[in-house]
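Pasted below: protein34.cif, mmCIF, C-alpha atoms.
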```
data_model
#
loop_
_atom_site.label_atom_id
_atom_site.label_comp_id
_atom_site.auth_asym_id
_atom_site.auth_seq_id
_atom_site.Cartn_x
_atom_site.Cartn_y
_atom_site.Cartn_z
CA MET B 1 -22.01 16.72 -267.10
CA ILE B 2 -20.60 15.38 -270.36
CA LYS B 3 -20.24 11.68 -271.07
CA VAL B 4 -16.62 10.85 -271.87
CA GLY B 5 -16.79 7.14 -272.69
CA SER B 6 -16.10 4.52 -270.04
CA GLN B 7 -12.62 5.57 -268.99
CA ASN B 8 -11.00 5.24 -265.60
CA VAL B 9 -10.54 8.70 -264.06
CA LEU B 10 -9.56 7.58 -260.56
CA TYR B 11 -6.40 9.67 -260.49
CA PRO B 12 -3.86 10.71 -259.35
CA MET B 13 -2.44 7.56 -257.85
CA PRO B 14 0.86 7.23 -256.00
CA VAL B 15 3.68 5.91 -258.15
CA THR B 16 5.40 2.90 -256.62
CA VAL B 17 8.42 0.87 -257.53
CA VAL B 18 7.64 -2.79 -256.94
CA ALA B 19 10.70 -4.90 -256.23
CA ALA B 20 10.90 -8.68 -256.30
CA LEU B 21 13.33 -11.49 -256.95
CA VAL B 22 12.98 -13.21 -260.32
CA ASP B 23 15.16 -16.30 -260.71
CA GLY B 24 17.12 -15.10 -257.69
CA LYS B 25 17.90 -11.67 -259.16
CA VAL B 26 16.41 -8.35 -258.04
CA ASN B 27 14.00 -6.72 -260.48
CA PHE B 28 12.09 -3.43 -260.32
CA VAL B 29 8.94 -2.19 -262.06
CA ASN B 30 7.05 1.10 -261.87
CA ILE B 31 3.41 0.52 -260.85
CA ALA B 32 0.87 3.30 -260.21
CA HIS B 33 -2.21 1.12 -260.54
CA VAL B 34 -2.33 0.33 -256.87
CA GLY B 35 -4.95 0.18 -254.15
CA ILE B 36 -5.77 0.03 -250.47
CA LEU B 37 -8.19 -2.69 -249.38
CA ASN B 38 -8.75 -2.00 -245.69
CA ALA B 39 -7.94 0.26 -242.78
CA SER B 40 -7.07 -2.35 -240.18
CA ALA B 41 -4.24 -4.76 -239.38
CA PRO B 42 -3.07 -6.71 -241.24
CA HIS B 43 -2.91 -3.95 -243.83
CA LEU B 44 -3.76 -5.14 -247.32
CA ILE B 45 -2.69 -3.28 -250.46
CA SER B 46 -2.95 -4.20 -254.11
CA ILE B 47 -0.80 -3.78 -257.20
CA GLY B 48 -2.39 -4.29 -260.61
CA MET B 49 0.25 -5.74 -262.91
CA ASN B 50 -0.14 -6.54 -266.59
CA LYS B 51 0.47 -10.25 -267.11
CA SER B 52 3.21 -9.45 -269.63
CA HIS B 53 5.43 -7.99 -266.87
CA TYR B 54 8.56 -9.94 -266.04
CA THR B 55 8.14 -9.38 -262.30
CA ASN B 56 4.84 -11.29 -261.99
CA ARG B 57 6.53 -14.69 -262.17
CA GLY B 58 8.89 -13.75 -259.34
CA ILE B 59 6.02 -12.64 -257.11
CA LYS B 60 4.15 -15.88 -257.78
CA GLU B 61 7.22 -18.00 -257.08
CA ASN B 62 8.46 -16.30 -253.91
CA ARG B 63 5.10 -14.99 -252.71
CA THR B 64 6.89 -11.86 -251.48
CA PHE B 65 7.56 -8.40 -252.89
CA SER B 66 8.08 -4.82 -251.75
CA VAL B 67 6.24 -1.61 -252.59
CA ASN B 68 8.47 1.47 -252.47
CA LEU B 69 7.61 5.16 -252.73
CA MET B 70 10.55 7.03 -254.16
CA PRO B 71 11.30 10.72 -253.58
CA GLN B 72 10.99 13.21 -256.45
CA GLU B 73 14.76 13.18 -257.04
CA ALA B 74 14.47 9.58 -258.26
CA LEU B 75 11.99 10.45 -261.03
CA MET B 76 14.23 9.46 -263.95
CA ALA B 77 15.18 6.10 -262.45
CA VAL B 78 11.56 5.45 -261.45
CA ASP B 79 10.41 6.13 -265.00
CA PHE B 80 13.23 4.01 -266.43
CA VAL B 81 12.17 0.87 -264.54
CA GLY B 82 8.68 1.36 -266.03
CA MET B 83 10.07 1.64 -269.59
CA ALA B 84 12.67 -1.12 -269.72
CA SER B 85 11.33 -4.66 -269.36
CA GLY B 86 13.08 -7.25 -267.20
CA HIS B 87 12.60 -9.67 -270.09
CA LYS B 88 15.37 -7.81 -271.94
CA THR B 89 17.11 -5.53 -269.44
CA ASP B 90 18.91 -6.35 -266.21
CA LYS B 91 17.60 -3.62 -263.90
CA SER B 92 19.12 -5.08 -260.73
CA GLY B 93 21.62 -2.23 -260.44
CA VAL B 94 19.19 0.67 -260.70
CA PHE B 95 18.53 0.86 -256.96
CA GLU B 96 20.46 -0.44 -253.98
CA THR B 97 18.44 -2.92 -251.94
CA PHE B 98 18.38 -4.64 -248.57
CA PHE B 99 16.39 -7.54 -247.19
CA GLY B 100 14.04 -7.35 -244.23
CA GLU B 101 12.07 -9.98 -242.38
CA LEU B 102 10.91 -12.17 -245.23
CA GLY B 103 14.34 -12.72 -246.76
CA THR B 104 13.10 -12.76 -250.37
CA ALA B 105 11.57 -9.29 -250.75
CA PRO B 106 14.23 -6.77 -251.77
CA LEU B 107 13.59 -3.30 -250.35
CA ILE B 108 14.96 -0.11 -251.90
CA ALA B 109 17.51 1.56 -249.61
CA SER B 110 16.99 5.06 -251.07
CA SER B 111 13.19 5.06 -250.90
CA ALA B 112 11.13 7.52 -248.86
CA VAL B 113 8.99 4.66 -247.50
CA SER B 114 8.88 0.94 -248.29
CA MET B 115 6.46 -1.84 -247.45
CA GLU B 116 7.65 -5.42 -247.23
CA CYS B 117 4.78 -7.61 -248.36
CA GLU B 118 3.75 -11.22 -248.25
CA LEU B 119 1.43 -12.31 -251.07
CA TYR B 120 -1.97 -12.56 -249.37
CA ASP B 121 -4.03 -13.45 -252.43
CA THR B 122 -4.24 -12.90 -256.18
CA PHE B 123 -7.30 -11.62 -258.01
CA ASP B 124 -7.26 -12.56 -261.65
CA THR B 125 -8.45 -10.26 -264.46
CA PRO B 126 -8.21 -11.02 -268.19
CA THR B 127 -5.10 -8.85 -268.67
CA HIS B 128 -3.75 -8.15 -265.18
CA ASP B 129 -2.72 -10.04 -262.07
CA LEU B 130 -3.92 -8.12 -259.03
CA PHE B 131 -1.41 -9.04 -256.33
CA ILE B 132 -2.77 -8.39 -252.86
CA GLY B 133 0.01 -7.83 -250.36
CA LYS B 134 -0.12 -8.12 -246.61
CA VAL B 135 2.21 -5.51 -245.12
CA ILE B 136 4.67 -7.37 -242.87
CA ALA B 137 7.02 -4.48 -242.11
CA THR B 138 7.31 -0.83 -243.09
CA TYR B 139 10.56 1.13 -243.43
CA ALA B 140 10.99 4.89 -243.65
CA ASP B 141 13.88 7.16 -244.44
CA GLU B 142 14.66 9.08 -241.25
CA GLY B 143 14.26 12.33 -243.19
CA VAL B 144 10.54 11.75 -243.86
CA LEU B 145 9.59 11.39 -240.18
CA THR B 146 8.16 14.10 -237.94
CA ASP B 147 7.77 13.05 -234.30
CA GLU B 148 8.40 9.43 -235.42
CA LYS B 149 5.41 9.55 -237.80
CA VAL B 150 5.59 9.40 -241.59
CA ASP B 151 5.09 12.98 -242.79
CA LEU B 152 3.60 13.01 -246.29
CA ALA B 153 4.94 16.49 -247.03
CA LYS B 154 8.45 15.13 -246.43
CA VAL B 155 7.82 11.95 -248.44
CA ARG B 156 7.18 14.17 -251.48
CA PRO B 157 5.54 11.30 -253.37
CA LEU B 158 5.38 11.02 -257.12
CA LEU B 159 1.80 10.92 -258.40
CA PHE B 160 0.55 9.78 -261.80
CA ASP B 161 -2.44 10.10 -264.08
CA MET B 162 -3.11 8.23 -267.30
CA SER B 163 -4.88 11.08 -269.10
CA SER B 164 -1.83 13.37 -269.18
CA ARG B 165 0.70 10.56 -268.68
CA LYS B 166 2.55 12.88 -266.35
CA TYR B 167 4.09 12.67 -262.92
CA TRP B 168 2.72 15.21 -260.46
CA SER B 169 3.89 16.52 -257.12
CA LEU B 170 1.80 16.77 -253.99
CA GLY B 171 0.34 20.18 -253.11
CA ALA B 172 -0.49 21.67 -249.73
CA PRO B 173 -2.72 20.27 -246.99
CA ILE B 174 -6.14 21.95 -247.31
CA GLY B 175 -8.31 20.49 -244.58
CA ASP B 176 -8.67 18.10 -241.69
CA CYS B 177 -10.41 14.81 -242.28
CA TRP B 178 -13.26 13.96 -239.85
CA GLN B 179 -13.19 17.65 -238.81
CA ALA B 180 -13.98 19.86 -241.80
CA GLY B 181 -17.40 18.24 -242.16
CA ARG B 182 -18.52 19.54 -238.77
CA LYS B 183 -19.08 22.88 -240.40
CA TYR B 184 -21.32 21.38 -243.08
CA GLY B 185 -24.75 22.92 -243.06
CA VAL B 186 -23.96 25.17 -240.10
CA MET G 1 15.91 3.17 -243.13
CA ILE G 2 14.00 2.96 -239.88
CA LYS G 3 11.40 0.29 -239.21
CA VAL G 4 8.05 1.90 -238.40
CA GLY G 5 5.86 -1.11 -237.64
CA SER G 6 3.69 -2.69 -240.32
CA GLN G 7 1.65 0.32 -241.36
CA ASN G 8 0.20 1.13 -244.73
CA VAL G 9 2.00 4.13 -246.21
CA LEU G 10 0.56 3.92 -249.73
CA TYR G 11 -0.59 7.55 -249.75
CA PRO G 12 -1.92 9.94 -250.86
CA MET G 13 -4.99 8.41 -252.40
CA PRO G 14 -7.75 10.26 -254.25
CA VAL G 15 -10.79 10.97 -252.09
CA THR G 16 -14.00 9.72 -253.66
CA VAL G 17 -17.64 10.02 -252.76
CA VAL G 18 -19.32 6.68 -253.40
CA ALA G 19 -23.04 6.98 -254.13
CA ALA G 20 -25.57 4.15 -254.11
CA LEU G 21 -29.21 3.49 -253.50
CA VAL G 22 -30.04 1.88 -250.14
CA ASP G 23 -33.68 0.85 -249.80
CA GLY G 24 -34.43 3.05 -252.80
CA LYS G 25 -32.89 6.18 -251.28
CA VAL G 26 -29.65 7.85 -252.35
CA ASN G 27 -26.77 7.58 -249.90
CA PHE G 28 -23.22 8.93 -250.02
CA VAL G 29 -20.00 7.90 -248.28
CA ASN G 30 -16.46 9.28 -248.44
CA ILE G 31 -13.98 6.56 -249.46
CA ALA G 32 -10.25 7.14 -250.07
CA HIS G 33 -9.21 3.51 -249.79
CA VAL G 34 -9.60 2.86 -253.47
CA GLY G 35 -7.65 1.14 -256.21
CA ILE G 36 -7.07 0.56 -259.90
CA LEU G 37 -6.89 -3.05 -261.04
CA ASN G 38 -6.00 -2.81 -264.72
CA ALA G 39 -5.20 -0.51 -267.61
CA SER G 40 -7.52 -1.96 -270.24
CA ALA G 41 -11.22 -2.04 -271.03
CA PRO G 42 -13.36 -2.85 -269.19
CA HIS G 43 -11.77 -0.64 -266.58
CA LEU G 44 -11.86 -2.16 -263.10
CA ILE G 45 -11.56 -0.08 -259.94
CA SER G 46 -11.95 -1.02 -256.29
CA ILE G 47 -13.37 0.62 -253.20
CA GLY G 48 -12.49 -0.82 -249.78
CA MET G 49 -15.46 -0.30 -247.51
CA ASN G 50 -15.67 -1.22 -243.84
CA LYS G 51 -18.49 -3.74 -243.36
CA SER G 52 -20.11 -1.42 -240.83
CA HIS G 53 -20.93 1.13 -243.56
CA TYR G 54 -24.60 1.59 -244.41
CA THR G 55 -23.88 1.81 -248.15
CA ASN G 56 -22.51 -1.74 -248.48
CA ARG G 57 -25.96 -3.33 -248.35
CA GLY G 58 -27.21 -1.09 -251.16
CA ILE G 59 -24.25 -1.99 -253.38
CA LYS G 60 -24.83 -5.70 -252.75
CA GLU G 61 -28.55 -5.41 -253.49
CA ASN G 62 -28.42 -3.28 -256.63
CA ARG G 63 -24.98 -4.36 -257.82
CA THR G 64 -24.40 -0.77 -258.99
CA PHE G 65 -22.76 2.33 -257.54
CA SER G 66 -20.91 5.46 -258.61
CA VAL G 67 -17.47 6.79 -257.74
CA ASN G 68 -17.27 10.59 -257.80
CA LEU G 69 -14.29 12.92 -257.51
CA MET G 70 -15.43 16.21 -256.04
CA PRO G 71 -13.69 19.54 -256.57
CA GLN G 72 -11.90 21.25 -253.68
CA GLU G 73 -14.85 23.59 -253.06
CA ALA G 74 -16.90 20.60 -251.90
CA LEU G 75 -14.42 19.68 -249.12
CA MET G 76 -16.82 20.27 -246.22
CA ALA G 77 -19.65 18.27 -247.76
CA VAL G 78 -17.24 15.50 -248.77
CA ASP G 79 -15.95 15.27 -245.21
CA PHE G 80 -19.48 15.38 -243.82
CA VAL G 81 -20.61 12.28 -245.75
CA GLY G 82 -17.59 10.47 -244.25
CA MET G 83 -18.51 11.49 -240.70
CA ALA G 84 -22.29 10.99 -240.57
CA SER G 85 -23.48 7.39 -241.01
CA GLY G 86 -26.43 6.52 -243.19
CA HIS G 87 -27.59 4.27 -240.34
CA LYS G 88 -28.60 7.44 -238.45
CA THR G 89 -28.52 10.34 -240.91
CA ASP G 90 -30.41 10.88 -244.14
CA LYS G 91 -27.65 12.21 -246.41
CA SER G 92 -29.73 12.07 -249.61
CA GLY G 93 -29.89 15.86 -249.84
CA VAL G 94 -26.17 16.58 -249.54
CA PHE G 95 -25.51 16.37 -253.28
CA GLU G 96 -27.84 16.61 -256.27
CA THR G 97 -27.79 13.42 -258.37
CA PHE G 98 -28.80 12.11 -261.77
CA PHE G 99 -29.07 8.61 -263.18
CA GLY G 100 -27.11 7.33 -266.16
CA GLU G 101 -27.22 4.06 -268.06
CA LEU G 102 -27.69 1.59 -265.25
CA GLY G 103 -30.72 3.29 -263.70
CA THR G 104 -29.80 2.44 -260.09
CA ALA G 105 -26.42 4.17 -259.67
CA PRO G 106 -26.93 7.79 -258.60
CA LEU G 107 -24.24 10.12 -259.98
CA ILE G 108 -23.32 13.44 -258.37
CA ALA G 109 -24.24 16.37 -260.62
CA SER G 110 -21.66 18.75 -259.12
CA SER G 111 -18.69 16.36 -259.30
CA ALA G 112 -15.55 17.01 -261.32
CA VAL G 113 -15.66 13.47 -262.74
CA SER G 114 -17.91 10.49 -262.00
CA MET G 115 -17.76 6.82 -262.89
CA GLU G 116 -20.94 4.77 -263.16
CA CYS G 117 -20.08 1.26 -262.07
CA GLU G 118 -21.54 -2.20 -262.21
CA LEU G 119 -20.43 -4.55 -259.44
CA TYR G 120 -17.93 -6.86 -261.17
CA ASP G 121 -16.91 -8.86 -258.11
CA THR G 122 -16.41 -8.61 -254.35
CA PHE G 123 -13.22 -9.56 -252.52
CA ASP G 124 -13.88 -10.30 -248.89
CA THR G 125 -11.54 -9.30 -246.06
CA PRO G 126 -12.21 -9.81 -242.34
CA THR G 127 -13.28 -6.17 -241.81
CA HIS G 128 -13.87 -4.73 -245.30
CA ASP G 129 -15.84 -5.51 -248.43
CA LEU G 130 -13.69 -4.73 -251.45
CA PHE G 131 -16.20 -3.85 -254.14
CA ILE G 132 -14.70 -4.15 -257.61
CA GLY G 133 -16.50 -1.92 -260.09
CA LYS G 134 -16.57 -2.20 -263.84
CA VAL G 135 -16.74 1.33 -265.29
CA ILE G 136 -19.80 1.46 -267.56
CA ALA G 137 -19.82 5.19 -268.26
CA THR G 138 -17.77 8.20 -267.23
CA TYR G 139 -19.06 11.75 -266.84
CA ALA G 140 -17.06 14.95 -266.57
CA ASP G 141 -17.89 18.53 -265.74
CA GLU G 142 -17.29 20.55 -268.89
CA GLY G 143 -14.95 22.80 -266.91
CA VAL G 144 -12.41 20.03 -266.27
CA LEU G 145 -11.88 19.20 -269.95
CA THR G 146 -9.06 20.43 -272.18
CA ASP G 147 -9.40 19.41 -275.83
CA GLU G 148 -12.16 16.98 -274.74
CA LYS G 149 -9.76 15.17 -272.39
CA VAL G 150 -10.00 15.11 -268.60
CA ASP G 151 -7.38 17.58 -267.35
CA LEU G 152 -6.21 16.60 -263.86
CA ALA G 153 -5.08 20.16 -263.07
CA LYS G 154 -8.68 21.31 -263.66
CA VAL G 155 -10.19 18.39 -261.70
CA ARG G 156 -8.32 19.69 -258.64
CA PRO G 157 -8.82 16.39 -256.80
CA LEU G 158 -8.89 16.03 -253.05
CA LEU G 159 -6.18 13.69 -251.80
CA PHE G 160 -5.94 11.96 -248.42
CA ASP G 161 -3.43 10.30 -246.15
CA MET G 162 -4.11 8.40 -242.96
CA SER G 163 -0.94 9.48 -241.12
CA SER G 164 -1.87 13.18 -240.99
CA ARG G 165 -5.61 12.58 -241.52
CA LYS G 166 -5.59 15.56 -243.82
CA TYR G 167 -6.90 16.42 -247.25
CA TRP G 168 -4.23 17.57 -249.66
CA SER G 169 -4.30 19.37 -252.98
CA LEU G 170 -2.50 18.30 -256.12
CA GLY G 171 0.77 20.05 -256.95
CA ALA G 172 2.38 20.75 -260.32
CA PRO G 173 3.27 18.30 -263.09
CA ILE G 174 6.96 17.45 -262.77
CA GLY G 175 7.74 14.99 -265.53
CA ASP G 176 6.53 12.94 -268.46
CA CYS G 177 5.84 9.28 -267.92
CA TRP G 178 7.51 6.86 -270.37
CA GLN G 179 9.77 9.78 -271.36
CA ALA G 180 11.76 10.99 -268.36
CA GLY G 181 13.41 7.55 -268.04
CA ARG G 182 15.10 7.91 -271.42
CA LYS G 183 17.63 10.16 -269.74
CA TYR G 184 18.43 7.56 -267.09
CA GLY G 185 22.07 6.62 -267.07
CA VAL G 186 22.89 8.89 -270.02
#
```

The structure given in the file should be rewritten as structure tokens.
Amino acid sequence: MIKVGSQNVLYPMPVTVVAALVDGKVNFVNIAHVGILNASAPHLISIGMNKSHYTNRGIKENRTFSVNLMPQEALMAVDFVGMASGHKTDKSGVFETFFGELGTAPLIASSAVSMECELYDTFDTPTHDLFIGKVIATYADEGVLTDEKVDLAKVRPLLFDMSSRKYWSLGAPIGDCWQAGRKYGV
Amino acid sequence: MIKVGSQNVLYPMPVTVVAALVDGKVNFVNIAHVGILNASAPHLISIGMNKSHYTNRGIKENRTFSVNLMPQEALMAVDFVGMASGHKTDKSGVFETFFGELGTAPLIASSAVSMECELYDTFDTPTHDLFIGKVIATYADEGVLTDEKVDLAKVRPLLFDMSSRKYWSLGAPIGDCWQAGRKYGV
């Protein structure tokens, strides 16, 4: 093993578009520095957002936001909302939105899957606000379901890594979790 | 869009093997509920670990742990350390380890990439301890580097989603981040 500094190599991560109201207007930002906190209800997820982002103020004010996974076809628009800042650019027209249960969390109508979140807590770091969302409702495009379950192969999520600064596609399933290990040591 | 309850659909996530000392002995556990908090040094990452896990006590005691991404070949062993609990099974022999700078965080010698972490903070949830690690040092297998940089295609990470409960491989790169968006709307 070779020491390669103290970099973060926890990749790839799913690319999300976070949507929130800022001063009453819809804004979008591309966030791949995300996380899952638990595996029980209520489901808690995190988005790590640089404090310079325009969207942070809206999340703090409304205490609601959405986390959307866009299909591969949306790559250019997804990248665009990560390049153009809401401080200077009105991005409200990039995606069509609808409102769900919370009333103040815009959800992207053309997403593969979307989570409507209530702000559960915030963890402060020197440069980033970690917004922890409680998933209130989940929405899926009918085309990504198989037997009423979200089918990851149909979601065709965009993945990201910081080393190459590329978007990646998902590959094939290669094993069953809590099954493959039964053969270990046999 | 169809409402599908209030599930977490933030997948796939990279599968990690978390290693720590518990009562002086190496233990391993498979954790895919992970996260990235920031994009600046010191790098902060999170692992969401059910409070029932054996490893949690070791992380709290030593305040160190490692987060390892294993290559696809290790799938069976990776799954095994997620199935067998350290409460009942001595898993110390599953992977060979070495120690880095902290002295109490075992690192997996056969990993693709490994992060040696100091416990930065803990965020408590009703069922899970979210351990937030500060990356102190990063190690890479020589075979995953291209021009001294970690090459995600060579890492060949294992990915996971809870809906299918499968491991997935990474696909191909499909776009450049902070580049593809320049074509948006043109």

request  = Using only C-alpha atoms, find the one residue out of G:Gly133, G:Pro157, G:Gly93, G:Gly181 that sits nearest to Ser6 in chain B.
outcome  =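 For Ser6 in chain B, the nearest of the candidates is G:Gly133.
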
message = Evaluated on this file, the PyMOL selection byres ((chain B) within 7 of (chain G)) picks out some residues - which ones are they, written as a PyMOL selection string?
response = chain B and resi 1-8+11-14+33-38+43+48+76-77+79-80+83+109+128+130+135-142+150+163+165-178+180-184

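Across the structure, CA of Ile31 in chain G and CA of Phe99 in chain G are spaced 20.5 Å apart.
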
task = Give the answer as one residue: which of B:Ser92, B:Met70, B:Gly86, B:Leu102 has the shortest atom-to-atom distance to Arg156 in chain B, using only C-alpha atoms?
result =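 Ranked by minimum distance to Arg156 in chain B, first place goes to B:Met70.
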
request  = I need the residue set behind the PyMOL selection byres ((chain G and resi 54-64) around 8) for this file; please write it as number ranges by chain.
outcome  = G: 19-23, 27-29, 49, 51-53, 65-66, 85-87, 102, 104-105, 116-119, 129

Emit the selected residues as a PDB file, keeping the file's coordinate frame, including C-alpha atoms.
```pdb
ATOM      1  CA  ALA G  19     -23.040   6.980-254.130  1.00  0.00           C
ATOM      2  CA  ALA G  20     -25.570   4.150-254.110  1.00  0.00           C
ATOM      3  CA  LEU G  21     -29.210   3.490-253.500  1.00  0.00           C
ATOM      4  CA  VAL G  22     -30.040   1.880-250.140  1.00  0.00           C
ATOM      5  CA  ASP G  23     -33.680   0.850-249.800  1.00  0.00           C
ATOM      6  CA  ASN G  27     -26.770   7.580-249.900  1.00  0.00           C
ATOM      7  CA  PHE G  28     -23.220   8.930-250.020  1.00  0.00           C
ATOM      8  CA  VAL G  29     -20.000   7.900-248.280  1.00  0.00           C
ATOM      9  CA  MET G  49     -15.460  -0.300-247.510  1.00  0.00           C
ATOM     10  CA  LYS G  51     -18.490  -3.740-243.360  1.00  0.00           C
ATOM     11  CA  SER G  52     -20.110  -1.420-240.830  1.00  0.00           C
ATOM     12  CA  HIS G  53     -20.930   1.130-243.560  1.00  0.00           C
ATOM     13  CA  PHE G  65     -22.760   2.330-257.540  1.00  0.00           C
ATOM     14  CA  SER G  66     -20.910   5.460-258.610  1.00  0.00           C
ATOM     15  CA  SER G  85     -23.480   7.390-241.010  1.00  0.00           C
ATOM     16  CA  GLY G  86     -26.430   6.520-243.190  1.00  0.00           C
ATOM     17  CA  HIS G  87     -27.590   4.270-240.340  1.00  0.00           C
ATOM     18  CA  LEU G 102     -27.690   1.590-265.250  1.00  0.00           C
ATOM     19  CA  THR G 104     -29.800   2.440-260.090  1.00  0.00           C
ATOM     20  CA  ALA G 105     -26.420   4.170-259.670  1.00  0.00           C
ATOM     21  CA  GLU G 116     -20.940   4.770-263.160  1.00  0.00           C
ATOM     22  CA  CYS G 117     -20.080   1.260-262.070  1.00  0.00           C
ATOM     23  CA  GLU G 118     -21.540  -2.200-262.210  1.00  0.00           C
ATOM     24  CA  LEU G 119     -20.430  -4.550-259.440  1.00  0.00           C
ATOM     25  CA  ASP G 129     -15.840  -5.510-248.430  1.00  0.00           C
TER      26      ASP G 129
END
```

inquiry  = Could you tell me how far CA of Val18 in chain G sits from CA of Asn30 in chain B, in Å to one decimal place?
reply    =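 That distance, rounded to one decimal, is 28.3 Å.
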
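Here CA of Asp147 in chain B is placed at a distance of 27.9 Å from CA of Phe95 in chain B.
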
Take every atom of range 151-161 of chain B listed in the file, fit an axis-aligned box around them, add 4 Å per side, and give the centre and edge lengths in Å to one decimal as lines of an AutoDock Vina configuration file.
```
center_x = 3.0
center_y = 13.1
center_z = -253.4
size_x = 18.9
size_y = 14.7
size_z = 29.3
```
